[in-house]
Amino acid sequence: MRELVGARIVTPGDWTDLDLDPSSRHRSIRRAVRRAVVRDPRLAGNAPRLIALLDDIARRAYDSGAFYCSSLVLGTLETGLLAANVLLQITPDDGCAASVAGGPEICAGLAAAVLCDPNWIGADVEVVRLPMVGEAVRVELVAGGICVQYLVPVPDSSRQVVLTFTSPFAPYAEVLLELFDSMASSFALEYSDSELVLAGGAAGSTRPNE
């Protein structure tokens with residue numbers, strides 16, 4: 001059986017990958033903010049607040065069990081600093097034997113579970129196909145902000161990788177949803193017996209088993 005050793009997603013060049021390691025994340029975030037200020041000098045006066053914001057995002061991502069987090073930071077103190085965020089998590093192994101059902105059957109069950117979840121009332125739920133991993137469940141909710149989740153079953157496993165895209169800027173939902181779906185289409189799983197190379201953009205390489 002192939003062993004899952006990592007996952008990758010392509011983020012645009014103006015996104016900042018966050019170091020989630022508690023021992024090094026603050027230093028890494030400070031360096032990332034300095035690079036962001038070089039790209040957008042309007043952020044200079046808000047650097048301390050931005051560092052605190054990203055520190056908090058990285059801390060919460062780590063506490064939630066995420067193995068990858070990346071943020072898009074734009075604007076000023078008046079317009080808001082955080083434009084969008086992506087978080088990758090993997091669900092725990094439930095101890096059950098790996099399902100023999102195919103991707104469509106697993107996703108149909110996951111979609112039905114989401115539709116019964118009171119936390120997702122009003123969400124649009126559908127089974128989609130991602131180019132590099134196959135069937136996944138897509139959950140979209142646009143209210144005060146934007147939240148899109150992809151539930152990607154791990155083959156020969158009871159686990160799923162969860163991709164969560166968020167933004168507080170609901171008025172820009174159309175363009176942000178297009179961006180989130182484009183990023184999700186680049187998502188891939190990496191196995192011990194294969195070499196995966198993604199071209200274009202910045203590829204975030206992650207190790208969910210570490």
# chains A, B, ... in the order shown; residues from 1 in each chain; ligands from 1

$ select_by_dssp --residues "region 30-121 of chain A" --states "strand (DSSP E or B)" --output "list in words"
Tyr68, Cys69, Ser70, Ser71, Leu72, Val73, Leu82, Ala83, Ala84, Asn85, Val86, Leu87, Leu88, Gln89 and Ile90 of chain A

$ residues_around --residues "region 171-173 of chain A" --least-positions-apart "5" --cutoff "9 Å" --atoms "only C-alpha atoms" --output "list in words"
Val142, Gly145, Ile146 and Glu178 of chain A

$ select_by_dssp --residues "chain A" --states "helix (DSSP H, G or I)" --output "JSON list (two decimals) with N, CA and C atoms, in the first residue's frame"
[["chain", "number", "residue", "atom", "x", "y", "z"],
["A", 25, "ARG", "N", 7.89, 30.26, 14.47],
["A", 25, "ARG", "CA", 6.92, 30.97, 13.65],
["A", 25, "ARG", "C", 7.01, 32.49, 13.79],
["A", 26, "HIS", "N", 7.30, 33.01, 15.01],
["A", 26, "HIS", "CA", 7.33, 34.46, 15.16],
["A", 26, "HIS", "C", 8.45, 35.07, 14.32],
["A", 27, "ARG", "N", 9.64, 34.47, 14.36],
["A", 27, "ARG", "CA", 10.75, 34.97, 13.56],
["A", 27, "ARG", "C", 10.42, 34.89, 12.07],
["A", 28, "SER", "N", 9.82, 33.77, 11.67],
["A", 28, "SER", "CA", 9.48, 33.60, 10.26],
["A", 28, "SER", "C", 8.45, 34.61, 9.81],
["A", 29, "ILE", "N", 7.47, 34.89, 10.66],
["A", 29, "ILE", "CA", 6.43, 35.85, 10.31],
["A", 29, "ILE", "C", 7.00, 37.26, 10.21],
["A", 30, "ARG", "N", 7.91, 37.61, 11.09],
["A", 30, "ARG", "CA", 8.55, 38.92, 11.00],
["A", 30, "ARG", "C", 9.27, 39.07, 9.67],
["A", 31, "ARG", "N", 9.98, 38.04, 9.24],
["A", 31, "ARG", "CA", 10.66, 38.10, 7.95],
["A", 31, "ARG", "C", 9.65, 38.21, 6.81],
["A", 32, "ALA", "N", 8.55, 37.47, 6.92],
["A", 32, "ALA", "CA", 7.53, 37.51, 5.87],
["A", 32, "ALA", "C", 6.90, 38.89, 5.78],
["A", 33, "VAL", "N", 6.67, 39.54, 6.91],
["A", 33, "VAL", "CA", 6.08, 40.88, 6.90],
["A", 33, "VAL", "C", 7.06, 41.88, 6.28],
["A", 34, "ARG", "N", 8.33, 41.73, 6.57],
["A", 34, "ARG", "CA", 9.31, 42.63, 5.94],
["A", 34, "ARG", "C", 9.27, 42.49, 4.42],
["A", 35, "ARG", "N", 9.13, 41.26, 3.93],
["A", 35, "ARG", "CA", 9.04, 41.07, 2.48],
["A", 35, "ARG", "C", 7.74, 41.67, 1.94],
["A", 36, "ALA", "N", 6.65, 41.53, 2.70],
["A", 36, "ALA", "CA", 5.37, 42.10, 2.26],
["A", 36, "ALA", "C", 5.44, 43.61, 2.18],
["A", 37, "VAL", "N", 6.14, 44.24, 3.12],
["A", 37, "VAL", "CA", 6.28, 45.70, 3.12],
["A", 37, "VAL", "C", 7.08, 46.16, 1.91],
["A", 38, "VAL", "N", 8.08, 45.38, 1.51],
["A", 38, "VAL", "CA", 8.85, 45.72, 0.31],
["A", 38, "VAL", "C", 7.95, 45.70, -0.91],
["A", 39, "ARG", "N", 7.05, 44.71, -0.97],
["A", 39, "ARG", "CA", 6.13, 44.62, -2.11],
["A", 39, "ARG", "C", 5.08, 45.72, -2.08],
["A", 41, "PRO", "N", 4.55, 49.13, 0.12],
["A", 41, "PRO", "CA", 4.98, 50.05, 1.18],
["A", 41, "PRO", "C", 3.84, 50.59, 2.03],
["A", 42, "ARG", "N", 2.59, 50.51, 1.57],
["A", 42, "ARG", "CA", 1.46, 50.98, 2.38],
["A", 42, "ARG", "C", 1.32, 50.20, 3.68],
["A", 43, "LEU", "N", 1.91, 49.01, 3.71],
["A", 43, "LEU", "CA", 1.80, 48.17, 4.91],
["A", 43, "LEU", "C", 2.80, 48.56, 6.00],
["A", 44, "ALA", "N", 3.74, 49.44, 5.68],
["A", 44, "ALA", "CA", 4.85, 49.71, 6.60],
["A", 44, "ALA", "C", 4.35, 50.18, 7.97],
["A", 45, "GLY", "N", 3.40, 51.11, 7.99],
["A", 45, "GLY", "CA", 2.92, 51.64, 9.26],
["A", 45, "GLY", "C", 2.12, 50.64, 10.07],
["A", 46, "ASN", "N", 1.71, 49.56, 9.43],
["A", 46, "ASN", "CA", 0.90, 48.56, 10.11],
["A", 46, "ASN", "C", 1.66, 47.27, 10.38],
["A", 47, "ALA", "N", 3.00, 47.31, 10.22],
["A", 47, "ALA", "CA", 3.79, 46.09, 10.37],
["A", 47, "ALA", "C", 3.58, 45.43, 11.73],
["A", 48, "PRO", "N", 3.62, 46.15, 12.86],
["A", 48, "PRO", "CA", 3.42, 45.48, 14.15],
["A", 48, "PRO", "C", 2.05, 44.78, 14.25],
["A", 49, "ARG", "N", 1.00, 45.48, 13.77],
["A", 49, "ARG", "CA", -0.33, 44.87, 13.83],
["A", 49, "ARG", "C", -0.40, 43.65, 12.91],
["A", 50, "LEU", "N", 0.25, 43.75, 11.76],
["A", 50, "LEU", "CA", 0.24, 42.64, 10.81],
["A", 50, "LEU", "C", 0.97, 41.43, 11.39],
["A", 51, "ILE", "N", 2.10, 41.67, 12.04],
["A", 51, "ILE", "CA", 2.83, 40.57, 12.67],
["A", 51, "ILE", "C", 1.96, 39.89, 13.73],
["A", 52, "ALA", "N", 1.28, 40.70, 14.54],
["A", 52, "ALA", "CA", 0.41, 40.14, 15.58],
["A", 52, "ALA", "C", -0.74, 39.34, 14.96],
["A", 53, "LEU", "N", -1.30, 39.86, 13.86],
["A", 53, "LEU", "CA", -2.40, 39.18, 13.18],
["A", 53, "LEU", "C", -1.96, 37.82, 12.65],
["A", 54, "LEU", "N", -0.81, 37.79, 11.96],
["A", 54, "LEU", "CA", -0.34, 36.54, 11.38],
["A", 54, "LEU", "C", 0.12, 35.57, 12.47],
["A", 55, "ASP", "N", 0.70, 36.11, 13.54],
["A", 55, "ASP", "CA", 1.04, 35.26, 14.69],
["A", 55, "ASP", "C", -0.21, 34.55, 15.21],
["A", 56, "ASP", "N", -1.31, 35.30, 15.32],
["A", 56, "ASP", "CA", -2.55, 34.73, 15.83],
["A", 56, "ASP", "C", -3.11, 33.69, 14.86],
["A", 57, "ILE", "N", -3.06, 33.98, 13.56],
["A", 57, "ILE", "CA", -3.55, 33.03, 12.57],
["A", 57, "ILE", "C", -2.74, 31.74, 12.62],
["A", 58, "ALA", "N", -1.40, 31.88, 12.71],
["A", 58, "ALA", "CA", -0.54, 30.71, 12.75],
["A", 58, "ALA", "C", -0.78, 29.90, 14.02],
["A", 59, "ARG", "N", -0.97, 30.59, 15.14],
["A", 59, "ARG", "CA", -1.22, 29.89, 16.39],
["A", 59, "ARG", "C", -2.52, 29.09, 16.32],
["A", 60, "ARG", "N", -3.58, 29.75, 15.83],
["A", 60, "ARG", "CA", -4.87, 29.06, 15.74],
["A", 60, "ARG", "C", -4.82, 27.91, 14.74],
["A", 61, "ALA", "N", -4.07, 28.11, 13.65],
["A", 61, "ALA", "CA", -3.92, 27.04, 12.66],
["A", 61, "ALA", "C", -3.23, 25.83, 13.29],
["A", 62, "TYR", "N", -2.16, 26.09, 14.04],
["A", 62, "TYR", "CA", -1.43, 25.01, 14.71],
["A", 62, "TYR", "C", -2.33, 24.31, 15.72],
["A", 63, "ASP", "N", -3.06, 25.10, 16.50],
["A", 63, "ASP", "CA", -3.93, 24.52, 17.54],
["A", 63, "ASP", "C", -5.06, 23.68, 16.94],
["A", 103, "GLY", "N", -14.29, 6.81, -4.88],
["A", 103, "GLY", "CA", -14.37, 8.23, -4.54],
["A", 103, "GLY", "C", -15.77, 8.81, -4.60],
["A", 104, "PRO", "N", -16.54, 8.53, -5.66],
["A", 104, "PRO", "CA", -17.89, 9.09, -5.74],
["A", 104, "PRO", "C", -18.79, 8.66, -4.59],
["A", 105, "GLU", "N", -18.68, 7.38, -4.18],
["A", 105, "GLU", "CA", -19.52, 6.89, -3.09],
["A", 105, "GLU", "C", -19.13, 7.53, -1.76],
["A", 106, "ILE", "N", -17.83, 7.63, -1.51],
["A", 106, "ILE", "CA", -17.36, 8.27, -0.28],
["A", 106, "ILE", "C", -17.81, 9.72, -0.23],
["A", 107, "CYS", "N", -17.66, 10.42, -1.34],
["A", 107, "CYS", "CA", -18.02, 11.84, -1.38],
["A", 107, "CYS", "C", -19.52, 12.04, -1.22],
["A", 108, "ALA", "N", -20.30, 11.14, -1.77],
["A", 108, "ALA", "CA", -21.76, 11.25, -1.60],
["A", 108, "ALA", "C", -22.12, 11.17, -0.12],
["A", 109, "GLY", "N", -21.46, 10.26, 0.59],
["A", 109, "GLY", "CA", -21.71, 10.15, 2.02],
["A", 109, "GLY", "C", -21.26, 11.38, 2.79],
["A", 110, "LEU", "N", -20.08, 11.92, 2.44],
["A", 110, "LEU", "CA", -19.59, 13.12, 3.10],
["A", 110, "LEU", "C", -20.52, 14.31, 2.83],
["A", 111, "ALA", "N", -20.98, 14.44, 1.59],
["A", 111, "ALA", "CA", -21.87, 15.54, 1.24],
["A", 111, "ALA", "C", -23.17, 15.44, 2.03],
["A", 112, "ALA", "N", -23.69, 14.24, 2.17],
["A", 112, "ALA", "CA", -24.93, 14.06, 2.93],
["A", 112, "ALA", "C", -24.73, 14.45, 4.39],
["A", 113, "ALA", "N", -23.54, 14.13, 4.95],
["A", 113, "ALA", "CA", -23.26, 14.49, 6.34],
["A", 113, "ALA", "C", -23.18, 16.00, 6.50],
["A", 114, "VAL", "N", -22.56, 16.69, 5.54],
["A", 114, "VAL", "CA", -22.46, 18.15, 5.62],
["A", 114, "VAL", "C", -23.84, 18.79, 5.56],
["A", 115, "LEU", "N", -24.70, 18.27, 4.70],
["A", 115, "LEU", "CA", -26.05, 18.83, 4.56],
["A", 115, "LEU", "C", -26.85, 18.70, 5.85],
["A", 118, "PRO", "N", -25.70, 21.41, 11.28],
["A", 118, "PRO", "CA", -26.29, 22.74, 11.51],
["A", 118, "PRO", "C", -25.28, 23.87, 11.33],
["A", 119, "ASN", "N", -23.99, 23.58, 11.39],
["A", 119, "ASN", "CA", -22.98, 24.63, 11.19],
["A", 119, "ASN", "C", -22.91, 25.08, 9.74],
["A", 120, "TRP", "N", -23.51, 24.29, 8.82],
["A", 120, "TRP", "CA", -23.44, 24.62, 7.40],
["A", 120, "TRP", "C", -24.81, 24.92, 6.82],
["A", 170, "ALA", "N", -16.89, 39.71, 1.65],
["A", 170, "ALA", "CA", -18.01, 39.14, 0.91],
["A", 170, "ALA", "C", -18.36, 39.92, -0.36],
["A", 171, "PRO", "N", -18.22, 41.26, -0.41],
["A", 171, "PRO", "CA", -18.55, 41.97, -1.65],
["A", 171, "PRO", "C", -17.72, 41.53, -2.85],
["A", 172, "TYR", "N", -16.56, 40.90, -2.59],
["A", 172, "TYR", "CA", -15.69, 40.45, -3.67],
["A", 172, "TYR", "C", -15.80, 38.94, -3.86],
["A", 173, "ALA", "N", -16.94, 38.39, -3.50],
["A", 173, "ALA", "CA", -17.11, 36.94, -3.50],
["A", 173, "ALA", "C", -16.83, 36.33, -4.87],
["A", 174, "GLU", "N", -17.31, 36.95, -5.92],
["A", 174, "GLU", "CA", -17.18, 36.33, -7.25],
["A", 174, "GLU", "C", -15.72, 36.09, -7.61],
["A", 175, "VAL", "N", -14.90, 37.12, -7.47],
["A", 175, "VAL", "CA", -13.50, 36.97, -7.86],
["A", 175, "VAL", "C", -12.75, 36.07, -6.89],
["A", 176, "LEU", "N", -13.08, 36.15, -5.59],
["A", 176, "LEU", "CA", -12.39, 35.32, -4.61],
["A", 176, "LEU", "C", -12.77, 33.85, -4.75],
["A", 177, "LEU", "N", -14.03, 33.56, -5.04],
["A", 177, "LEU", "CA", -14.43, 32.18, -5.24],
["A", 177, "LEU", "C", -13.72, 31.58, -6.45],
["A", 178, "GLU", "N", -13.57, 32.38, -7.49],
["A", 178, "GLU", "CA", -12.83, 31.91, -8.66],
["A", 178, "GLU", "C", -11.37, 31.61, -8.30],
["A", 179, "LEU", "N", -10.77, 32.50, -7.49],
["A", 179, "LEU", "CA", -9.39, 32.29, -7.05],
["A", 179, "LEU", "C", -9.29, 31.02, -6.19],
["A", 180, "PHE", "N", -10.19, 30.86, -5.23],
["A", 180, "PHE", "CA", -10.15, 29.69, -4.35],
["A", 180, "PHE", "C", -10.28, 28.39, -5.15],
["A", 181, "ASP", "N", -11.20, 28.37, -6.10],
["A", 181, "ASP", "CA", -11.40, 27.16, -6.90],
["A", 181, "ASP", "C", -10.16, 26.87, -7.76],
["A", 182, "SER", "N", -9.53, 27.93, -8.26],
["A", 182, "SER", "CA", -8.31, 27.74, -9.05],
["A", 182, "SER", "C", -7.20, 27.15, -8.19],
["A", 183, "MET", "N", -7.06, 27.65, -6.96],
["A", 183, "MET", "CA", -6.05, 27.11, -6.06],
["A", 183, "MET", "C", -6.35, 25.66, -5.71],
["A", 184, "ALA", "N", -7.61, 25.36, -5.44],
["A", 184, "ALA", "CA", -7.99, 23.99, -5.09],
["A", 184, "ALA", "C", -7.69, 23.03, -6.23]]

$ residues_around --residues "Glu135 (chain A)" --least-positions-apart "2" --cutoff "8 Å" --atoms "only C-alpha atoms" --output "VMD selection string"
chain A and resid 103 to 104 107 127 to 130 133 137 152 to 153

$ residues_around --residues "Trp15 (chain A)" --least-positions-apart "3" --cutoff "6 Å" --atoms "only C-alpha atoms" --output "list in words"
Pro12, Ser71 and Leu72 of chain A

$ write_last_selection --atoms "N, CA and C atoms" --output "PDB file, in the first residue's frame"
ATOM      1  N   PRO A  12      -0.695  31.834  -5.269  1.00  0.00           N
ATOM      2  CA  PRO A  12      -0.119  32.938  -6.031  1.00  0.00           C
ATOM      3  C   PRO A  12       1.100  33.530  -5.319  1.00  0.00           C
ATOM      4  N   SER A  71      -1.565  33.052   3.720  1.00  0.00           N
ATOM      5  CA  SER A  71      -2.453  34.214   3.773  1.00  0.00           C
ATOM      6  C   SER A  71      -2.106  35.220   2.692  1.00  0.00           C
ATOM      7  N   LEU A  72      -3.133  35.901   2.210  1.00  0.00           N
ATOM      8  CA  LEU A  72      -2.969  37.034   1.316  1.00  0.00           C
ATOM      9  C   LEU A  72      -3.230  38.296   2.122  1.00  0.00           C
TER      10      LEU A  72
END

$ closest_residue --among "A:Ser70, A:Ser157, A:Ser186, A:Gln149" --to "Pro131 (chain A)" --atoms "only C-alpha atoms"
A:Ser186

$ decode --residues "region 140-170 of chain A" --atoms "N, CA and C atoms" --output "compact mmCIF listing (two decimals), in the first residue's frame"
# COMPACT_ATOMS: atom_id res chain seq x y z
N GLU A 140 -19.66 25.63 0.03
CA GLU A 140 -19.51 27.08 -0.12
C GLU A 140 -20.57 27.81 0.71
N LEU A 141 -20.11 28.78 1.50
CA LEU A 141 -21.03 29.61 2.28
C LEU A 141 -20.57 31.06 2.19
N VAL A 142 -21.44 31.92 1.68
CA VAL A 142 -21.16 33.35 1.59
C VAL A 142 -22.22 34.06 2.42
N ALA A 143 -21.78 34.67 3.50
CA ALA A 143 -22.69 35.42 4.37
C ALA A 143 -21.99 36.73 4.71
N GLY A 144 -21.59 36.90 5.98
CA GLY A 144 -20.81 38.08 6.33
C GLY A 144 -19.42 38.05 5.74
N GLY A 145 -18.96 36.84 5.43
CA GLY A 145 -17.67 36.63 4.79
C GLY A 145 -17.80 35.46 3.83
N ILE A 146 -16.68 34.94 3.41
CA ILE A 146 -16.66 33.84 2.46
C ILE A 146 -15.94 32.65 3.08
N CYS A 147 -16.52 31.47 2.95
CA CYS A 147 -15.86 30.25 3.39
C CYS A 147 -16.12 29.16 2.36
N VAL A 148 -15.05 28.56 1.86
CA VAL A 148 -15.16 27.43 0.93
C VAL A 148 -14.30 26.30 1.50
N GLN A 149 -14.90 25.13 1.65
CA GLN A 149 -14.16 23.95 2.09
C GLN A 149 -14.21 22.88 1.01
N TYR A 150 -13.09 22.20 0.86
CA TYR A 150 -13.02 20.99 0.04
C TYR A 150 -12.67 19.83 0.96
N LEU A 151 -13.44 18.76 0.91
CA LEU A 151 -13.16 17.54 1.64
C LEU A 151 -12.65 16.52 0.64
N VAL A 152 -11.38 16.16 0.77
CA VAL A 152 -10.72 15.30 -0.21
C VAL A 152 -10.42 13.94 0.45
N PRO A 153 -11.11 12.88 0.06
CA PRO A 153 -10.83 11.57 0.65
C PRO A 153 -9.42 11.11 0.30
N VAL A 154 -8.73 10.53 1.29
CA VAL A 154 -7.41 9.93 1.05
C VAL A 154 -7.64 8.48 0.61
N PRO A 155 -7.19 8.09 -0.58
CA PRO A 155 -7.44 6.72 -1.05
C PRO A 155 -6.94 5.66 -0.07
N ASP A 156 -7.68 4.57 0.02
CA ASP A 156 -7.34 3.43 0.89
C ASP A 156 -7.20 3.86 2.34
N SER A 157 -8.03 4.78 2.77
CA SER A 157 -7.94 5.32 4.12
C SER A 157 -9.31 5.82 4.55
N SER A 158 -9.50 5.96 5.85
CA SER A 158 -10.73 6.56 6.35
C SER A 158 -10.56 8.07 6.59
N ARG A 159 -9.43 8.64 6.19
CA ARG A 159 -9.11 10.04 6.46
C ARG A 159 -9.49 10.92 5.27
N GLN A 160 -9.63 12.21 5.55
CA GLN A 160 -9.82 13.20 4.49
C GLN A 160 -8.89 14.39 4.75
N VAL A 161 -8.40 14.98 3.66
CA VAL A 161 -7.71 16.26 3.76
C VAL A 161 -8.76 17.35 3.57
N VAL A 162 -8.75 18.34 4.46
CA VAL A 162 -9.73 19.42 4.42
C VAL A 162 -9.02 20.70 4.02
N LEU A 163 -9.45 21.29 2.91
CA LEU A 163 -8.93 22.57 2.45
C LEU A 163 -9.97 23.63 2.81
N THR A 164 -9.58 24.63 3.58
CA THR A 164 -10.50 25.69 3.98
C THR A 164 -10.00 27.03 3.49
N PHE A 165 -10.79 27.68 2.64
CA PHE A 165 -10.47 29.02 2.13
C PHE A 165 -11.44 30.01 2.77
N THR A 166 -10.92 31.11 3.28
CA THR A 166 -11.79 32.11 3.91
C THR A 166 -11.37 33.53 3.51
N SER A 167 -12.32 34.43 3.58
CA SER A 167 -12.06 35.86 3.38
C SER A 167 -13.20 36.64 4.04
N PRO A 168 -12.86 37.78 4.64
CA PRO A 168 -13.92 38.60 5.23
C PRO A 168 -14.61 39.50 4.22
N PHE A 169 -14.14 39.49 2.96
CA PHE A 169 -14.61 40.46 1.97
C PHE A 169 -15.70 39.87 1.09
N ALA A 170 -16.89 39.71 1.65
CA ALA A 170 -18.01 39.14 0.91
C ALA A 170 -18.36 39.92 -0.36
